[in-house]
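Just model.cif here, mmCIF, C-alpha atoms:
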```cif
data_structure
loop_
_atom_site.group_PDB
_atom_site.id
_atom_site.type_symbol
_atom_site.label_atom_id
_atom_site.label_comp_id
_atom_site.auth_asym_id
_atom_site.auth_seq_id
_atom_site.Cartn_x
_atom_site.Cartn_y
_atom_site.Cartn_z
ATOM 1 C CA MET A 154 -5.702 -43.543 -7.587
ATOM 2 C CA PHE A 155 -6.568 -42.071 -10.943
ATOM 3 C CA THR A 156 -5.602 -38.417 -10.792
ATOM 4 C CA SER A 157 -2.361 -36.493 -10.521
ATOM 5 C CA ILE A 158 -3.492 -34.960 -7.231
ATOM 6 C CA ASP A 159 -3.361 -38.418 -5.629
ATOM 7 C CA LYS A 160 0.368 -38.606 -6.330
ATOM 8 C CA ALA A 161 0.833 -35.070 -5.026
ATOM 9 C CA LEU A 162 -1.011 -35.896 -1.792
ATOM 10 C CA VAL A 163 1.121 -38.979 -1.209
ATOM 11 C CA ALA A 164 4.298 -36.974 -1.857
ATOM 12 C CA ALA A 165 3.170 -34.191 0.493
ATOM 13 C CA ILE A 166 2.233 -36.583 3.291
ATOM 14 C CA MET A 167 5.465 -38.541 2.940
ATOM 15 C CA GLY A 168 7.417 -35.261 2.994
ATOM 16 C CA ILE A 169 5.669 -34.134 6.165
ATOM 17 C CA LEU A 170 6.270 -37.508 7.806
ATOM 18 C CA PHE A 171 9.951 -37.346 6.808
ATOM 19 C CA ILE A 172 10.332 -33.893 8.395
ATOM 20 C CA VAL A 173 8.546 -35.026 11.567
ATOM 21 C CA GLN A 174 10.727 -38.113 11.799
ATOM 22 C CA THR A 175 13.920 -36.118 11.179
ATOM 23 C CA TYR A 176 13.297 -33.494 13.848
ATOM 24 C CA THR A 177 11.471 -35.524 16.484
ATOM 25 C CA GLY A 178 12.803 -39.039 16.054
ATOM 26 C CA PHE A 179 9.195 -40.283 15.897
ATOM 27 C CA SER A 180 8.976 -43.262 13.555
ATOM 28 C CA MET A 181 6.225 -45.557 12.358
ATOM 29 C CA ALA A 182 7.514 -48.637 10.571
ATOM 30 C CA TRP A 183 4.199 -49.363 8.833
ATOM 31 C CA VAL A 184 4.151 -46.024 6.977
ATOM 32 C CA THR A 185 5.214 -46.607 3.390
ATOM 33 C CA PRO A 186 4.239 -44.787 0.197
ATOM 34 C CA ASP A 187 1.985 -47.734 -0.691
ATOM 35 C CA THR A 188 0.223 -47.564 2.673
ATOM 36 C CA ILE A 189 -0.322 -43.810 2.338
ATOM 37 C CA ALA A 190 -1.636 -44.282 -1.219
ATOM 38 C CA THR A 191 -4.097 -46.899 0.027
ATOM 39 C CA ILE A 192 -5.284 -44.688 2.869
ATOM 40 C CA ILE A 193 -5.796 -41.748 0.499
ATOM 41 C CA GLY A 194 -7.597 -44.039 -1.925
ATOM 42 C CA LEU A 195 -9.972 -45.097 0.847
ATOM 43 C CA ILE A 196 -10.521 -41.661 2.368
ATOM 44 C CA THR A 197 -11.072 -39.709 -0.875
ATOM 45 C CA PRO A 198 -14.411 -41.312 -1.833
ATOM 46 C CA VAL A 199 -15.676 -40.909 1.733
ATOM 47 C CA LEU A 200 -14.838 -37.194 1.678
ATOM 48 C CA VAL A 201 -16.434 -36.761 -1.746
ATOM 49 C CA TRP A 202 -19.601 -38.368 -0.397
ATOM 50 C CA ALA A 203 -19.561 -36.464 2.910
ATOM 51 C CA ILE A 204 -18.940 -32.944 1.598
ATOM 52 C CA PRO A 205 -21.947 -31.606 -0.316
ATOM 53 C CA ASN A 206 -21.691 -29.552 -3.486
ATOM 54 C CA LYS A 207 -22.085 -25.787 -3.215
ATOM 55 C CA LYS A 208 -25.531 -24.559 -4.076
ATOM 56 C CA VAL A 209 -25.515 -21.972 -6.821
ATOM 57 C CA ALA A 210 -27.778 -19.023 -6.083
#
```

Starting from the file, lay out its structure as structure tokens.
Amino acid sequence: MFTSIDKALVAAIMGILFIVQTYTGFSMAWVTPDTIATIIGLITPVLVWAIPNKKVA
């Protein structure tokens, strides 16, 4: 977690989860900001590796 976008992603995901929980009553006790930050920290390098750079013509 080294960039400002990481914090923005965590805030966005937590906001979405809050809205879902408020309107549906669906709740997951294990979801905390630290858990979401860890998941994003693990997924980001995988996505960077999996998505190739655009080839410039």

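One finds CA of Ala165 in chain A at 14.8 Å from CA of Gly194 in chain A.
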
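Nearest-residue note for Val184 in chain A: choosing from A:Met167, A:Leu162, A:Val209, A:Ile196, the minimum distance belongs to A:Met167, counting only C-alpha atoms.
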
Please, what distance in Å, to one decimal, runs between CA of Asp159 in chain A and CA of Trp202 in chain A?
17.1 Å

In Å and to one decimal, CA of Met181 in chain A is distant from CA of Ala164 in chain A by 16.7 Å

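Against the coordinates shown, the PyMOL selection byres ((chain A and resi 185) around 12) returns Val163, Ala164, Ile166, Met167, Gly168, Leu170, Phe171, Ser180, Met181, Ala182, Trp183, Val184, Pro186, Asp187, Thr188, Ile189, Ala190, Thr191 and Ile192 of chain A.
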